[in-house]
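File shown here: coords-v2.cif, holding mmCIF, C-alpha atoms.
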data_target
#
loop_
_atom_site.label_atom_id
_atom_site.label_comp_id
_atom_site.auth_asym_id
_atom_site.auth_seq_id
_atom_site.Cartn_x
_atom_site.Cartn_y
_atom_site.Cartn_z
CA MET A 1 0.00 0.00 0.00
CA LEU A 2 1.64 3.22 -1.12
CA MET A 3 0.93 6.41 0.75
CA ASP A 4 0.46 9.78 -0.83
CA ALA A 5 3.71 11.72 -0.31
CA LYS A 6 1.83 14.72 1.03
CA ASN A 7 -0.11 12.76 3.56
CA GLY A 8 2.44 10.77 5.37
CA PRO A 9 5.23 8.27 5.45
CA PRO A 10 5.94 5.98 2.50
CA THR A 11 5.02 2.36 2.11
CA SER A 12 3.63 0.28 4.89
CA ASN A 13 5.95 -2.60 4.16
CA LYS A 14 8.91 -0.41 5.16
CA LEU A 15 7.52 0.14 8.65
CA PRO A 16 9.03 -1.91 11.45
CA LYS A 17 7.51 -5.33 11.30
CA LEU A 18 5.29 -6.17 14.20
CA GLU A 19 6.54 -9.29 15.85
CA SER A 20 4.09 -12.07 16.26
CA ARG A 21 4.74 -14.59 19.01
CA PRO A 22 2.86 -16.12 21.88
CA LEU A 23 2.55 -13.83 24.85
CA SER A 24 4.30 -14.86 28.02
CA SER A 25 3.99 -13.73 31.61
CA SER A 26 7.18 -11.68 31.19
CA ASP A 27 5.29 -9.36 28.82
CA VAL A 28 4.43 -6.66 31.31
CA GLY A 29 0.93 -5.44 30.64
CA PHE A 30 0.53 -7.94 27.81
CA HIS A 31 -3.23 -7.84 28.18
CA GLN A 32 -3.15 -4.24 26.91
CA ALA A 33 -0.88 -4.85 23.95
CA VAL A 34 -3.19 -4.93 20.96
CA HIS A 35 -1.54 -5.08 17.56
CA PRO A 36 -2.91 -2.19 15.50
CA SER A 37 -4.15 -2.69 11.96
CA PRO A 38 -1.83 -1.27 9.27
CA GLU A 39 -4.36 1.54 8.64
CA ALA A 40 -4.48 2.52 12.31
CA TYR A 41 -0.69 2.35 12.44
CA GLN A 42 -0.37 4.70 9.48
CA LYS A 43 -2.89 7.09 10.97
CA ALA A 44 -1.08 7.21 14.30
CA LEU A 45 2.19 7.79 12.49
CA ARG A 46 0.73 10.68 10.49
CA GLU A 47 -0.64 12.24 13.66
CA LEU A 48 2.69 11.90 15.40
CA THR A 49 4.53 13.44 12.46
CA ALA A 50 2.11 16.38 12.43
CA ALA A 51 2.41 16.86 16.19
CA ASN A 52 6.18 16.76 15.94
CA LEU A 53 6.18 19.40 13.22
CA ARG A 54 3.89 21.59 15.31
CA LEU A 55 6.22 21.25 18.32
CA ARG A 56 9.20 22.24 16.21
CA GLN A 57 7.33 25.32 14.99
CA LEU A 58 6.44 26.25 18.59
CA ASP A 59 10.04 25.76 19.63
CA LYS A 60 11.20 28.03 16.83
CA ALA A 61 8.64 30.66 17.82
CA LYS A 62 9.93 30.52 21.38
CA ASP A 63 13.55 30.93 20.25
CA GLU A 64 12.54 33.91 18.15
CA PHE A 65 10.65 35.42 21.04
CA ILE A 66 13.71 35.14 23.28
CA SER A 67 15.84 36.74 20.64
CA VAL A 68 13.50 39.61 19.83
CA ALA A 69 12.84 40.25 23.51
CA SER A 70 16.55 40.41 24.23
CA HIS A 71 17.09 42.98 21.51
CA GLU A 72 14.04 45.12 22.12
CA LEU A 73 14.44 45.23 25.89
CA ARG A 74 18.17 45.70 26.00
CA ASN A 75 18.53 48.55 23.53
CA PRO A 76 16.45 51.12 25.49
CA MET A 77 18.14 50.12 28.73
CA ALA A 78 21.58 50.51 27.16
CA ILE A 79 20.57 53.98 25.94
CA ILE A 80 19.26 55.06 29.38
CA LYS A 81 22.34 53.71 31.14
CA GLY A 82 24.73 55.23 28.58
CA ASN A 83 23.20 58.70 28.60
CA ILE A 84 22.92 58.91 32.38
CA SER A 85 26.51 57.79 32.83
CA MET A 86 27.55 60.47 30.31
CA ILE A 87 25.72 63.17 32.28
CA LEU A 88 27.18 61.91 35.57
CA SER A 89 30.70 61.99 34.18
CA GLY A 90 30.23 65.63 33.21
CA ASP A 91 29.86 65.18 29.43
CA ALA A 92 26.87 67.56 29.41
CA GLY A 93 28.39 70.12 31.80
CA ASP A 94 28.50 70.50 35.57
CA VAL A 95 26.06 68.43 37.60
CA ASN A 96 24.86 69.79 40.92
CA HIS A 97 24.61 67.66 44.02
CA GLU A 98 20.83 67.16 43.92
CA THR A 99 20.80 66.22 40.22
CA ARG A 100 23.66 63.79 40.77
CA ASP A 101 21.77 62.19 43.63
CA ILE A 102 18.63 61.72 41.52
CA LEU A 103 20.48 60.44 38.45
CA THR A 104 22.45 57.99 40.56
CA ASP A 105 19.16 56.50 41.76
CA VAL A 106 17.99 56.20 38.15
CA LEU A 107 21.24 54.50 37.23
CA VAL A 108 20.91 52.03 40.12
CA ALA A 109 17.33 51.27 39.01
CA VAL A 110 18.28 50.71 35.38
CA GLU A 111 21.17 48.47 36.42
CA ARG A 112 18.70 46.46 38.47
CA GLN A 113 16.41 46.20 35.47
CA ILE A 114 19.28 45.10 33.22
CA ARG A 115 20.12 42.36 35.70
CA LEU A 116 16.50 41.27 35.84
CA VAL A 117 16.22 41.08 32.06
CA ASN A 118 19.47 39.08 31.90
CA GLU A 119 18.07 36.68 34.46
CA LEU A 120 14.70 36.35 32.74
CA LEU A 121 16.45 35.63 29.45
CA ASP A 122 18.60 33.01 31.18
CA ILE A 123 15.45 31.42 32.57
CA SER A 124 13.59 31.38 29.28
CA ARG A 125 16.61 29.70 27.69
CA ILE A 126 16.81 27.19 30.53
CA GLU A 127 13.13 26.38 30.26
CA ALA A 128 13.21 26.17 26.49
CA GLY A 129 16.17 23.82 26.87
CA VAL A 130 18.26 25.89 24.50
CA ILE A 131 21.26 27.05 26.50
CA ASN A 132 24.61 26.81 24.79
CA PHE A 133 27.35 25.38 26.96
CA ASN A 134 30.90 25.81 25.79
CA LEU A 135 32.73 22.91 27.38
CA ASN A 136 35.84 22.92 25.22
CA PRO A 137 38.58 24.76 27.09
CA ALA A 138 39.68 23.24 30.40
CA ILE A 139 38.71 25.36 33.39
CA SER A 140 40.64 25.81 36.60
CA ILE A 141 37.97 26.83 39.04
CA ASP A 142 40.50 28.45 41.39
CA GLN A 143 41.59 30.74 38.56
CA VAL A 144 37.98 31.72 37.86
CA ALA A 145 37.65 32.51 41.57
CA GLU A 146 40.88 34.47 41.64
CA LEU A 147 39.73 36.77 38.81
CA LEU A 148 36.44 37.29 40.58
CA VAL A 149 38.07 38.12 43.91
CA THR A 150 40.31 40.68 42.20
CA SER A 151 37.35 42.38 40.55
CA LEU A 152 35.18 42.45 43.69
CA LYS A 153 37.83 43.40 46.25
CA GLY A 154 37.23 47.13 45.86
CA VAL A 155 33.46 46.93 46.27
CA ALA A 156 33.88 44.64 49.27
CA ALA A 157 36.37 47.00 50.90
CA GLU A 158 33.84 49.84 50.58
CA GLN A 159 31.49 47.73 52.69
CA ASN A 160 34.33 46.91 55.13
CA LEU A 161 34.29 43.29 54.02
CA GLU A 162 37.23 41.11 53.16
CA ILE A 163 37.10 38.55 50.37
CA LYS A 164 39.52 35.70 50.89
CA LEU A 165 40.60 32.91 48.60
CA GLU A 166 41.78 29.78 50.39
CA ASN A 167 44.45 28.25 48.22
CA PRO A 168 43.98 24.52 47.70
CA ALA A 169 46.59 22.27 49.37
CA LYS A 170 47.57 20.78 46.01
CA PRO A 171 46.78 21.96 42.48
CA LEU A 172 43.11 21.38 41.61
CA PRO A 173 42.26 19.22 38.62
CA ALA A 174 40.53 20.97 35.72
CA VAL A 175 36.75 20.75 35.64
CA GLN A 176 34.44 20.18 32.72
CA ALA A 177 32.29 23.29 32.59
CA ASP A 178 31.40 26.47 30.72
CA HIS A 179 33.70 29.25 31.94
CA ASP A 180 31.17 32.10 31.73
CA LYS A 181 28.39 30.16 33.41
CA VAL A 182 30.59 28.95 36.28
CA SER A 183 31.80 32.48 36.73
CA GLN A 184 28.17 33.66 36.82
CA VAL A 185 27.33 31.10 39.53
CA LEU A 186 30.31 32.10 41.63
CA ILE A 187 29.52 35.82 41.25
CA ASN A 188 25.98 35.08 42.34
CA LEU A 189 27.11 33.24 45.49
CA VAL A 190 29.70 35.87 46.42
CA THR A 191 27.43 38.90 45.81
CA ASN A 192 24.63 37.16 47.75
CA ALA A 193 27.08 36.65 50.62
CA MET A 194 28.05 40.35 50.43
CA LYS A 195 24.40 41.41 50.63
CA PHE A 196 23.81 39.51 53.83
CA THR A 197 27.11 40.20 55.58
CA LYS A 198 27.53 43.48 57.44
CA LYS A 199 30.98 42.79 58.84
CA GLY A 200 33.64 40.16 58.59
CA SER A 201 34.62 38.18 55.53
CA ILE A 202 33.66 36.01 52.62
CA THR A 203 35.89 33.01 51.97
CA ILE A 204 36.09 30.86 48.86
CA SER A 205 37.53 27.38 49.40
CA PHE A 206 37.92 24.19 47.38
CA LYS A 207 38.09 20.44 47.88
CA GLU A 208 38.09 17.28 45.79
CA LYS A 209 35.55 14.51 46.27
CA SER A 210 34.70 11.48 44.12
CA GLU A 211 35.84 12.89 40.77
CA HIS A 212 34.27 16.29 41.47
CA VAL A 213 35.77 19.61 42.52
CA ILE A 214 33.71 21.29 45.22
CA THR A 215 33.78 25.07 45.61
CA CYS A 216 32.39 26.65 48.77
CA VAL A 217 31.55 30.24 49.64
CA THR A 218 31.42 30.97 53.38
CA ASP A 219 30.28 34.25 54.88
CA THR A 220 30.03 35.69 58.37
CA GLY A 221 26.61 37.18 57.71
CA ILE A 222 23.13 37.07 59.18
CA GLY A 223 22.49 33.42 58.29
CA ILE A 224 19.31 31.86 56.95
CA PRO A 225 16.36 31.20 59.27
CA GLU A 226 15.20 27.56 59.41
CA GLY A 227 11.90 28.19 57.61
CA GLN A 228 13.54 29.75 54.56
CA LYS A 229 16.12 27.08 53.78
CA GLU A 230 13.88 24.91 51.61
CA MET A 231 12.88 27.89 49.48
CA LEU A 232 16.39 29.02 48.56
CA PHE A 233 16.73 27.45 45.12
CA LYS A 234 13.14 28.01 44.06
CA LYS A 235 12.20 30.54 41.40
CA PHE A 236 11.45 34.05 42.76
CA SER A 237 12.32 33.08 46.33
CA LYS A 238 13.45 36.09 48.34
CA PRO A 239 14.34 36.66 51.96
CA SER A 240 11.90 38.67 54.05
CA SER A 241 12.38 42.35 53.32
CA GLU A 242 13.35 43.40 56.87
CA SER A 243 16.54 41.32 56.64
CA VAL A 244 17.85 43.24 53.62
CA GLY A 245 17.97 46.88 52.69
CA THR A 246 16.31 48.21 49.55
CA LEU A 247 19.65 48.62 47.79
CA SER A 248 20.27 44.90 47.75
CA ALA A 249 16.84 44.02 46.41
CA GLY A 250 17.15 41.15 43.97
CA SER A 251 14.81 39.24 41.74
CA GLY A 252 15.01 35.95 43.59
CA LEU A 253 16.21 34.26 40.42
CA GLY A 254 19.96 34.03 40.96
CA LEU A 255 20.12 30.79 42.94
CA TYR A 256 17.50 29.15 40.73
CA ILE A 257 19.57 29.92 37.63
CA SER A 258 22.76 28.80 39.38
CA LYS A 259 21.13 25.49 40.30
CA LYS A 260 20.00 24.87 36.71
CA TYR A 261 23.43 25.74 35.28
CA ILE A 262 25.32 23.53 37.71
CA GLU A 263 22.96 20.57 37.38
CA ARG A 264 23.05 20.78 33.60
CA GLN A 265 26.84 20.49 33.76
CA GLY A 266 26.69 17.35 35.90
CA GLY A 267 27.17 18.98 39.30
CA ASP A 268 25.13 19.90 42.33
CA ILE A 269 24.65 23.05 44.44
CA TRP A 270 23.51 23.15 48.04
CA LEU A 271 23.44 25.02 51.34
CA GLU A 272 26.17 23.33 53.37
CA GLU A 273 25.28 25.02 56.65
CA SER A 274 23.82 28.21 58.02
CA LYS A 275 23.42 29.56 61.53
CA PRO A 276 21.54 32.79 62.24
CA GLY A 277 24.03 35.42 63.38
CA VAL A 278 27.06 33.26 62.48
CA GLY A 279 26.98 32.88 58.72
CA SER A 280 26.27 30.58 55.81
CA THR A 281 28.20 28.25 53.52
CA PHE A 282 27.01 27.45 50.00
CA CYS A 283 28.82 24.83 47.90
CA PHE A 284 28.68 23.54 44.36
CA SER A 285 30.38 20.60 42.67
CA LEU A 286 31.52 20.12 39.08
CA PRO A 287 32.80 16.94 37.45
CA MET A 288 36.53 16.70 36.74
CA ARG A 289 37.56 16.77 33.13
CA GLY A 290 37.70 13.26 31.68
CA SER A 291 35.64 11.71 34.50
CA GLU A 292 32.76 9.39 33.66
CA LYS A 293 30.22 12.04 34.67
CA ALA A 294 31.95 14.66 32.53
CA LEU A 295 31.85 12.44 29.43
CA GLU A 296 28.18 11.74 30.04
CA VAL A 297 27.44 15.48 30.24
CA VAL A 298 29.34 16.18 27.02
CA SER A 299 27.32 13.65 25.06
CA GLU A 300 24.05 14.90 26.59
CA ILE A 301 24.80 18.51 25.74
CA LYS A 302 25.96 17.62 22.23
CA SER A 303 22.67 15.87 21.57
CA LEU A 304 20.73 19.07 22.28
CA GLN A 305 20.11 21.59 19.59
CA PRO A 306 21.91 24.88 20.18
CA ILE A 307 19.87 28.04 20.37
CA LYS A 308 19.01 29.56 17.04
CA GLU A 309 18.93 33.31 17.42
CA ILE A 310 17.69 35.45 14.58
CA HIS A 311 20.15 38.13 13.70
CA TYR A 312 18.60 40.24 11.07
CA LYS A 313 15.38 42.11 10.73
CA SER A 314 13.16 41.78 7.71
CA MET R 1 41.31 62.60 13.81
CA ALA R 2 40.06 59.05 14.18
CA LYS R 3 37.14 58.13 11.90
CA ILE R 4 34.77 55.57 13.42
CA LEU R 5 31.95 53.79 11.58
CA LEU R 6 29.00 52.68 13.71
CA ILE R 7 26.77 50.10 12.01
CA GLU R 8 23.60 50.26 14.12
CA ASP R 9 19.90 50.66 13.33
CA ASP R 10 18.70 52.45 16.49
CA ALA R 11 18.89 56.22 15.91
CA LEU R 12 18.95 57.05 19.63
CA PHE R 13 21.87 54.72 20.12
CA VAL R 14 23.72 56.38 17.24
CA LYS R 15 22.97 59.84 18.67
CA MET R 16 24.44 58.88 22.03
CA TYR R 17 27.70 57.76 20.44
CA GLN R 18 27.75 60.79 18.16
CA LYS R 19 27.84 62.99 21.26
CA LYS R 20 30.37 60.91 23.13
CA LEU R 21 32.81 60.54 20.24
CA SER R 22 32.68 64.20 19.21
CA ARG R 23 33.67 65.11 22.78
CA GLU R 24 36.62 62.78 22.36
CA GLY R 25 37.60 64.52 19.13
CA MET R 26 36.60 61.59 16.93
CA THR R 27 34.36 61.57 13.85
CA LEU R 28 31.41 59.19 13.87
CA LEU R 29 29.84 57.92 10.66
CA ALA R 30 26.65 55.88 10.93
CA ALA R 31 25.23 53.11 8.76
CA TYR R 32 21.69 52.05 9.60
CA ASP R 33 21.61 48.60 8.01
CA GLY R 34 23.98 45.81 7.05
CA GLU R 35 24.22 46.62 3.33
CA GLN R 36 24.91 50.29 3.98
CA GLY R 37 27.51 49.19 6.53
CA VAL R 38 29.46 47.22 3.90
CA GLU R 39 29.19 50.05 1.31
CA MET R 40 30.36 52.72 3.74
CA THR R 41 33.24 50.57 4.94
CA LYS R 42 34.50 50.29 1.36
CA ALA R 43 33.91 53.94 0.51
CA GLU R 44 35.12 55.57 3.73
CA LYS R 45 37.84 53.18 5.00
CA PRO R 46 37.21 54.07 8.67
CA ASP R 47 39.90 53.59 11.33
CA LEU R 48 37.61 51.32 13.32
CA ILE R 49 34.13 49.78 12.99
CA ILE R 50 31.60 49.29 15.78
CA LEU R 51 29.20 46.59 14.62
CA ASP R 52 25.75 45.70 15.93
CA LEU R 53 24.71 42.16 14.96
CA MET R 54 20.92 42.31 14.65
CA LEU R 55 20.62 44.53 11.62
CA PRO R 56 18.07 45.10 8.88
CA LYS R 57 18.84 43.60 5.46
CA MET R 58 21.99 41.68 6.42
CA ALA R 59 23.13 39.83 9.57
CA GLY R 60 26.13 41.28 11.37
CA SER R 61 28.25 38.17 10.73
CA GLU R 62 27.62 38.54 6.98
CA VAL R 63 28.63 42.23 7.11
CA LEU R 64 31.81 41.16 8.89
CA LYS R 65 32.49 38.39 6.36
CA GLN R 66 32.23 40.83 3.45
CA ILE R 67 34.55 43.32 5.19
CA LYS R 68 37.06 40.53 5.91
CA ASP R 69 36.84 39.14 2.35
CA GLU R 70 37.71 42.51 0.81
CA PRO R 71 41.49 43.10 0.78
CA SER R 72 41.15 46.88 1.08
CA THR R 73 39.07 46.63 4.29
CA ASN R 74 40.09 43.39 5.98
CA SER R 75 42.62 44.97 8.33
CA ILE R 76 40.17 47.50 9.80
CA PRO R 77 39.65 46.65 13.50
CA VAL R 78 36.06 45.70 14.38
CA ILE R 79 34.38 45.84 17.80
CA VAL R 80 31.04 44.07 18.24
CA LEU R 81 28.43 45.87 20.37
CA THR R 82 25.36 43.68 20.56
CA ASN R 83 22.34 42.53 22.53
CA LEU R 84 23.06 38.90 21.72
CA SER R 85 24.57 36.88 24.54
CA THR R 86 28.25 36.06 24.25
CA SER R 87 27.47 32.36 23.91
CA SER R 88 25.24 32.75 20.85
CA GLU R 89 26.27 31.23 17.54
CA GLU R 90 26.22 34.57 15.77
CA VAL R 91 28.69 36.08 18.26
CA ASN R 92 30.90 33.00 17.99
CA ARG R 93 30.97 33.27 14.20
CA CYS R 94 32.21 36.86 14.57
CA ILE R 95 34.85 35.91 17.13
CA GLU R 96 36.13 33.25 14.72
CA MET R 97 36.41 35.87 11.98
CA GLY R 98 38.67 37.92 14.23
CA VAL R 99 36.80 40.78 15.89
CA LYS R 100 38.87 42.65 18.47
CA GLU R 101 36.33 42.58 21.26
CA THR R 102 32.66 41.77 21.89
CA PHE R 103 30.51 43.77 24.30
CA LEU R 104 26.95 43.26 25.45
CA LYS R 105 25.33 46.69 25.01
CA THR R 106 23.86 46.77 28.51
CA ASP R 107 27.20 45.84 30.11
CA VAL R 108 29.16 48.89 28.97
CA THR R 109 28.98 52.67 29.01
CA PRO R 110 30.08 54.84 26.05
CA ALA R 111 33.16 55.77 28.11
CA GLN R 112 34.22 52.11 28.26
CA VAL R 113 33.70 51.69 24.51
CA VAL R 114 35.84 54.81 23.93
CA GLU R 115 38.63 53.14 25.93
CA ALA R 116 38.42 50.14 23.61
CA ILE R 117 38.42 52.38 20.50
CA LYS R 118 41.56 54.15 21.73
CA LYS R 119 43.25 50.82 22.37
CA TYR R 120 42.69 49.60 18.80
CA THR R 121 43.27 52.83 16.87
CA LYS R 122 46.72 53.61 18.26
#
Can the structure in the file be given as structure tokens, please?
Amino acid sequence: MLMDAKNGPPTSNKLPKLESRPLSSSDVGFHQAVHPSPEAYQKALRELTAANLRLRQLDKAKDEFISVASHELRNPMAIIKGNISMILSGDAGDVNHETRDILTDVLVAVERQIRLVNELLDISRIEAGVINFNLNPAISIDQVAELLVTSLKGVAAEQNLEIKLENPAKPLPAVQADHDKVSQVLINLVTNAMKFTKKGSITISFKEKSEHVITCVTDTGIGIPEGQKEMLFKKFSKPSSESVGTLSAGSGLGLYISKKYIERQGGDIWLEESKPGVGSTFCFSLPMRGSEKALEVVSEIKSLQPIKEIHYKS
Amino acid sequence: MAKILLIEDDALFVKMYQKKLSREGMTLLAAYDGEQGVEMTKAEKPDLIILDLMLPKMAGSEVLKQIKDEPSTNSIPVIVLTNLSTSSEEVNRCIEMGVKETFLKTDVTPAQVVEAIKKYTK
């Protein structure tokens, strides 16, 4: 029986042959297994093909939405941020104290919005399953941390905080991970720690355990109350507002994104311990390069389609 | 006086850089779509190009390819200033073709881009 090319798959005799044999008790659910007629089989196949095509179209629409949203939202924010920073640096003439104060608030607000849009875009990519991970170059996690500490030292010092890097006892093995995304996770943990620590220090330390490198961020901050621990890695989870000032207001998306990024790369992220008034320790693990887990992650990520972003306008 | 070509379709974005660069004593030329970007590169031979990637008529990576394929323009330094994330395929194509630097628009101020321009037009 030949099928019309427009309407579905080719000949029925090319379809996998349905095996005919006596049923045995090892056939789980055998009483439900009814062999379909060739016509029913063809019909089901056509429906599946159509559904698959529809899903692909939806997926493409979602990718395009992400891409258009990123362009259309980011351009105005870049223009607001750029112009305000030009005024504040005196490009448009002298700025009096009051104007400077107001414009600084606007700048802080637009920076917050930029961060929120970045996080929302990360989330839509995560949920669409279309994040690109670049796993090619080997990463030394202690070097990623070192760069981060150097760039945040100044800001921390302004808050009278010290950021310390505990050097590993022996050189750490390279991990299998995307440099930018690991850096993003570490920035998230360290800036979170800075938000909730009024005095003392933030320490980054490392250890090796069962073919993973574990990185921990320990602070001497306010700690996390018992009731809030389970919520930490959930989307839009935020601490109660009295524990943080308005300046540190976040979206509640950072730890959720971090968790997704780390898990996708074959690792885990968790709250190691936290005592109110003493501080908190967050840790994440990443598989060592060449380990079984790392190879598994590489083949999983390779099997996913990379994000298709549109880059021209019609 | 350094001559900079900005290939960018948002007029407000162009205006902002026009102001910033003229204060720095640089000349800014603007192309508002990909095709115009390639034409102006060939005609004007700027000292540096700032390239947006999501452009009307021609993708940024194609603009870059045509600039790199043309012997009279292929040594002009190019900086990418885009809204596409640094891990996107389009950005990676441009990095492979040898752009000097890639910035996410919301990450930088005009002052920081000027620093980069100065670095590559010495």
Show me the residues close to (41.4, 55.4, 13.5) - anything with an atom within 9 Å, counting all atoms listed in the file - and format the list as an mmCIF file with C-alpha atoms, in the coordinates of the input.
data_model
loop_
_atom_site.group_PDB
_atom_site.id
_atom_site.type_symbol
_atom_site.label_atom_id
_atom_site.label_comp_id
_atom_site.auth_asym_id
_atom_site.auth_seq_id
_atom_site.Cartn_x
_atom_site.Cartn_y
_atom_site.Cartn_z
ATOM 1 C CA MET R 1 41.310 62.600 13.810
ATOM 2 C CA ALA R 2 40.060 59.050 14.180
ATOM 3 C CA LYS R 3 37.140 58.130 11.900
ATOM 4 C CA ILE R 4 34.770 55.570 13.420
ATOM 5 C CA MET R 26 36.600 61.590 16.930
ATOM 6 C CA PRO R 46 37.210 54.070 8.670
ATOM 7 C CA ASP R 47 39.900 53.590 11.330
ATOM 8 C CA LEU R 48 37.610 51.320 13.320
ATOM 9 C CA ILE R 76 40.170 47.500 9.800
ATOM 10 C CA PRO R 77 39.650 46.650 13.500
ATOM 11 C CA ILE R 117 38.420 52.380 20.500
ATOM 12 C CA LYS R 118 41.560 54.150 21.730
ATOM 13 C CA TYR R 120 42.690 49.600 18.800
ATOM 14 C CA THR R 121 43.270 52.830 16.870
ATOM 15 C CA LYS R 122 46.720 53.610 18.260
#
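Across the model, the gap from atom CA of A:Val190 to atom CA of A:Ser151 is 11.6 Å.
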Original post:
Got a sec to pull out which chain R residues are within 9 Å of chain A, counting all atoms listed in the file, and send them as a PyMOL selection string?
Top reply: chain R and resi 10+12-13+16+19-20+23+34+53-61+82-90+105-111
**OP:** Write out as a list of chain:residue names which residues come within 12 Å of A:Thr150 when counting only C-alpha atoms, dropping same-chain ones fewer than 6 positions away.
**Re:**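 Answer for this query is A:Gln143, A:Val144, A:Ala156, A:Ala157, A:Glu162, A:Ile163, A:Lys164, A:Leu165, A:Ile187.
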Original post:
Excluding same-chain residues fewer than 2 positions from A:Ala177, what lies within 12 Å of it counting all atoms listed in the file, as a PyMOL selection string?
Top reply: chain A and resi 132-141+144+174-175+179-185+212-213+261-267+285-290+293-295+297-298+301
Original post:
Expressed in Å to a single decimal, how great is the separation between atom CA of A:Leu148 and atom CA of A:Leu186?
Top reply: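 Atom-to-atom, atom CA of A:Leu148 and atom CA of A:Leu186 are spaced 8.1 Å apart.
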Original post:
Separation of atom CA of A:Ile102 and atom CA of A:Gly154, in Å?
Top reply: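 Going from atom CA of A:Ile102 over to atom CA of A:Gly154, I get 24.0 Å.
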**OP:** Determine the nearest neighbour of R:Ile79 from the options R:Glu35, R:Asp52, R:Glu96, R:Glu101, counting only C-alpha atoms.
**Re:**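 Among the listed residues, R:Glu101 lies closest to R:Ile79.
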**OP:** For the structure shown, which residues end up in the PyMOL selection byres ((chain A and resi 199) around 10)? Put them as a list of chain:residue names, please?
**Re:**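 So the PyMOL selection byres ((chain A and resi 199) around 10) ends up selecting A:Gln159, A:Asn160, A:Leu161, A:Glu162, A:Met194, A:Phe196, A:Thr197, A:Lys198, A:Gly200, A:Ser201, A:Ile202, A:Asp219, A:Thr220, A:Gly221, A:Ile222.
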Original post:
Within 8 Å of R:Val78, counting all atoms listed in the file, which residues qualify if same-chain residues fewer than 6 places away don't, as a PyMOL selection string?
Top reply: chain R and resi 48-51+99-101
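Using only C-alpha atoms for every distance, the candidate list R:Val63, R:Val80, R:Met97, R:Leu5 yields R:Leu5 as the residue closest to R:Lys45.
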**OP:** List the neighbours of R:Val14 out to 10 Å using only C-alpha atoms; skip same-chain residues closer than 3 positions along the sequence, and give me the result as JSON, numbers by chain.
**Re:** {"A": [79], "R": [6, 7, 8, 9, 10, 11, 17, 18, 19, 20, 28, 29, 30, 31, 32]}
May I have the residues from that selection written out with C-alpha atoms, as a PDB file, in the frame of the given file?
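File part.pdb, as written:
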ATOM      1  CA  ILE A  79      20.570  53.980  25.940  1.00  0.00           C
TER       2      ILE A  79
ATOM      3  CA  LEU R   6      29.000  52.680  13.710  1.00  0.00           C
ATOM      4  CA  ILE R   7      26.770  50.100  12.010  1.00  0.00           C
ATOM      5  CA  GLU R   8      23.600  50.260  14.120  1.00  0.00           C
ATOM      6  CA  ASP R   9      19.900  50.660  13.330  1.00  0.00           C
ATOM      7  CA  ASP R  10      18.700  52.450  16.490  1.00  0.00           C
ATOM      8  CA  ALA R  11      18.890  56.220  15.910  1.00  0.00           C
ATOM      9  CA  TYR R  17      27.700  57.760  20.440  1.00  0.00           C
ATOM     10  CA  GLN R  18      27.750  60.790  18.160  1.00  0.00           C
ATOM     11  CA  LYS R  19      27.840  62.990  21.260  1.00  0.00           C
ATOM     12  CA  LYS R  20      30.370  60.910  23.130  1.00  0.00           C
ATOM     13  CA  LEU R  28      31.410  59.190  13.870  1.00  0.00           C
ATOM     14  CA  LEU R  29      29.840  57.920  10.660  1.00  0.00           C
ATOM     15  CA  ALA R  30      26.650  55.880  10.930  1.00  0.00           C
ATOM     16  CA  ALA R  31      25.230  53.110   8.760  1.00  0.00           C
ATOM     17  CA  TYR R  32      21.690  52.050   9.600  1.00  0.00           C
TER      18      TYR R  32
END
